[in-house]
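Worksheet: the structure to be examined is printed underneath.
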Amino acid sequence: MGDVRTITEPRGTEALAQELNSGRRTRPAVVVSTPSGAHAPWVDAERLASELGDLADVFVLATLESSWAFAAAMPSRTQVYGGAGRVYPVSLDWVHDPTRSPPRFAYAAAEGEAATTRLIEDGLTAALHAGACTPRPGISRPIEVTGVVKGCPTASQAVVALASGYAIIQVGMIIPGVSSDRVFAAGMQVRGALDERARRLDVRACLPDPESRLRQLNDGEILWARVESVNSAECEIAPYPGAAVRVPWQEVTTSAEDDLHDLMSVGEVVAVRVTRSKDAVLALTLIGIDDLDAPCSALSVFPGGPPWLLPPSDPTTKPSAITAIPQQKSRTPPLARMDVNTPDAKSPSSPQPAATAARLMAPRPTPLLIGPQRRSHPVAVSPAATPAASGIPLAAAGQETLRGMSLQLDAARAQVLRMEATVKTTTTHLRSAQAEIVSLESDLSDKARDLATSEANLRRLRARIRKNVQEERRTAGRREAAPGEALFLDSAEQFRFEVTDRWARRILAAEKADKPLRPYRFGPRFLESLEELQGIDRPKVADVVVDILTGLAENSAGRDMHPLRSGTGGDDPILRREGYTCWRVAIQRRSPQAKRLHFWRSAEDVELSRVVLHDDYAP
């Protein structure tokens, strides 16, 4: 078990800051601050020292003065104060990139446990990067042992029973960000390298390769996975720790207008389906997963272990972890206790009361410095220093000496009064500053709590939106379209369906083999002309196309099918092009500007050209 080093004086914090920035350290350091007015940090420093052991040094800034001195001595954005904690890795990369050493906040006692767990994980990760598990000269090398997991006392530790006693697995050094009970279960057999001195078991050599675990997934398998990153167009989802798969938006939603930020959150657990291409490349999709599919589980980190993820709770249910955080009152003792007239007032962050400070700074009276009321008392002086020795009359000399001492005493009293006034003013300013600090910390705590609540609400809202989108997608394929409603997004596919539907309904089953739809295609202006003309009956146009493609139009007087000429005269040439002849057929009759259909026909196929008004003779 490691020791907790408590720092109360600014001098100690300055030395700590120099050590952290020196680059001489061989193991990471964890620094925890104490909230103003509190007697101890919300973060459990003893647990930090116990679980990190010899892997990291743990420091506690016990007073407000030490926190401010530490903040002043550290580079910008690398400080800790107000109850926060931070791990400082051995490498100095965090000086230039503070995100490599993120602060872990605890604004109340209820938040201390989570912050402590995060700091332990950060410390274990930093220790691993510092080579904590690499044998050093002069230290016996680890030995290979086999044991049985007895349990997981904390989120970052698993206890293993060995033939030689017990050992600890530091889970944060194996799978950062995953709780120990999601990696190990009681009764599991494990094998690893034992550090006999620290009684620490390193099982990393037995950790399965993430890629090999993904290769074991079957096409169509459904499982739980964790969202690792999200942007507007794609996300990364991990079905196994350290094995994130890129998932484009098309596998999350069918609408390009959806922003994935609105549908999922980092850290959220979602159901995914495994798909594999012909070359066995693995991909994930969230589309088409029905609630009834019930994902079986998440993968286990080690064979025979528990699933590394648990199913998410119902997105419509509010989690109690957020709402259960108690509203904290002011953690600072009443300001009346810092009254300058109260000599017993004490606070970790307050100065000495003014009266006490005045007594400390005022010179102590001596037999020579006496007040007028005590001038009758004898004064002891050296014979060599008497006025008589210098030839000055004794009475006059004594009076002159007393006047001089009285003036000195008056000046000293005036100085003390000025110092008392300064102390009072400084104390008033300090009280005001402390009150403001307490108010700011209270506001910050409230805002952090509000932010946590908002983030939780946002996660639930995103999950609900994604669930609704998937539900709409599933039900859209089951409902019947309303009459006249488009069944295809592509207009060409829609009209081809209408033609096929009319052919299937009009041509008897026994005649379909003799009257098939001959091959046809759309000219560049056909679909546009179909949409532009008002008052046109699309089913009727489809009927005309069926008559053209089956040959019924040529024998129907109502269709008035004839070749289209270059003019209105009977002698004008018929329009032709490279094996095609242009034809004109009636869609409507006996109505103003009755609609006509122009099409090109060859021996192999038909090209539908345009739907036009009666007086339009352009092909």
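Following the order of the structure tokens, chains are lettered A, B, ..., residues in each are numbered from 1, and ligands are numbered from 1.
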
Could you give me, as JSON, numbers by chain, each residue of stretch 23-222 of chain A that DSSP assigns to strand (DSSP E or B) when run on this structure's backbone?
{"A": [29, 30, 31, 32, 33, 57, 58, 59, 60, 61, 85, 86, 87, 88, 104, 143, 144, 145, 146, 147, 148, 149, 150, 151, 152, 153, 154, 157, 158, 159, 160, 161, 162, 165, 166, 167, 168, 169, 170, 189, 190, 191, 192, 193, 194, 195, 200, 201, 202, 222]}

Using 9 Å as the limit and counting only C-alpha atoms, can you tabulate each residue of stretch 51-169 of chain A that touches stretch 180-197 of chain A, with its shortest atom-to-atom distance in Å and the two atoms involved, as a Markdown table?
```
| residue | atom | partner | partner_atom | distance |
| --- | --- | --- | --- | --- |
| A:Cys133 | CA | A:Asp195 | CA | 8.7 |
| A:Ser140 | CA | A:Asp195 | CA | 8.3 |
| A:Arg141 | CA | A:Asp195 | CA | 7.4 |
| A:Pro142 | CA | A:Asp195 | CA | 4.9 |
| A:Ile143 | CA | A:Ala193 | CA | 5.2 |
| A:Glu144 | CA | A:Ala193 | CA | 4.6 |
| A:Val145 | CA | A:Gly192 | CA | 5.8 |
| A:Thr146 | CA | A:Arg191 | CA | 4.4 |
| A:Gly147 | CA | A:Val190 | CA | 5.5 |
| A:Val148 | CA | A:Gln189 | CA | 4.5 |
| A:Val149 | CA | A:Ala186 | CA | 5.1 |
| A:Lys150 | CA | A:Ala186 | CA | 4.8 |
| A:Gly151 | CA | A:Ala186 | CA | 5.0 |
| A:Cys152 | CA | A:Asp181 | CA | 6.0 |
| A:Pro153 | CA | A:Ser180 | CA | 8.7 |
| A:Thr154 | CA | A:Ser180 | CA | 7.2 |
| A:Ala155 | CA | A:Ser180 | CA | 5.0 |
| A:Ser156 | CA | A:Ser180 | CA | 5.4 |
| A:Gln157 | CA | A:Ser180 | CA | 5.9 |
| A:Ala158 | CA | A:Ser180 | CA | 6.3 |
| A:Val160 | CA | A:Val190 | CA | 8.2 |
| A:Ala167 | CA | A:Leu194 | CA | 7.8 |
```

Within 9 Å of A:Leu207, counting only C-alpha atoms, which residues show up once you throw out same-chain ones fewer than 6 positions away? Write them as a ChimeraX atom specification, please.
/A:174,301-302

Could you name the residues that touch A:Asp501 at 12 Å or less, counting only C-alpha atoms, but leaving out those on the same chain fewer than 5 positions away, as a ChimeraX atom specification?
/A:494-496,506-507,517,539,542-543,545-546

Quick one: everything within 10 Å of A:Arg577, counting only C-alpha atoms, minus sequence neighbours fewer than 5 positions away in the same chain. Send it as a PyMOL selection string.
chain A and resi 582+600-602

In Å, rounded to a single decimal, give me how far atom CA of A:Ala225 is from atom CA of A:Leu310.
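Taking atom CA of A:Leu310 as the start and atom CA of A:Ala225 as the end point, the length is 9.4 Å.
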
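Straight-line separation from atom CA of A:Met264 to atom CA of A:Pro312: 12.6 Å.
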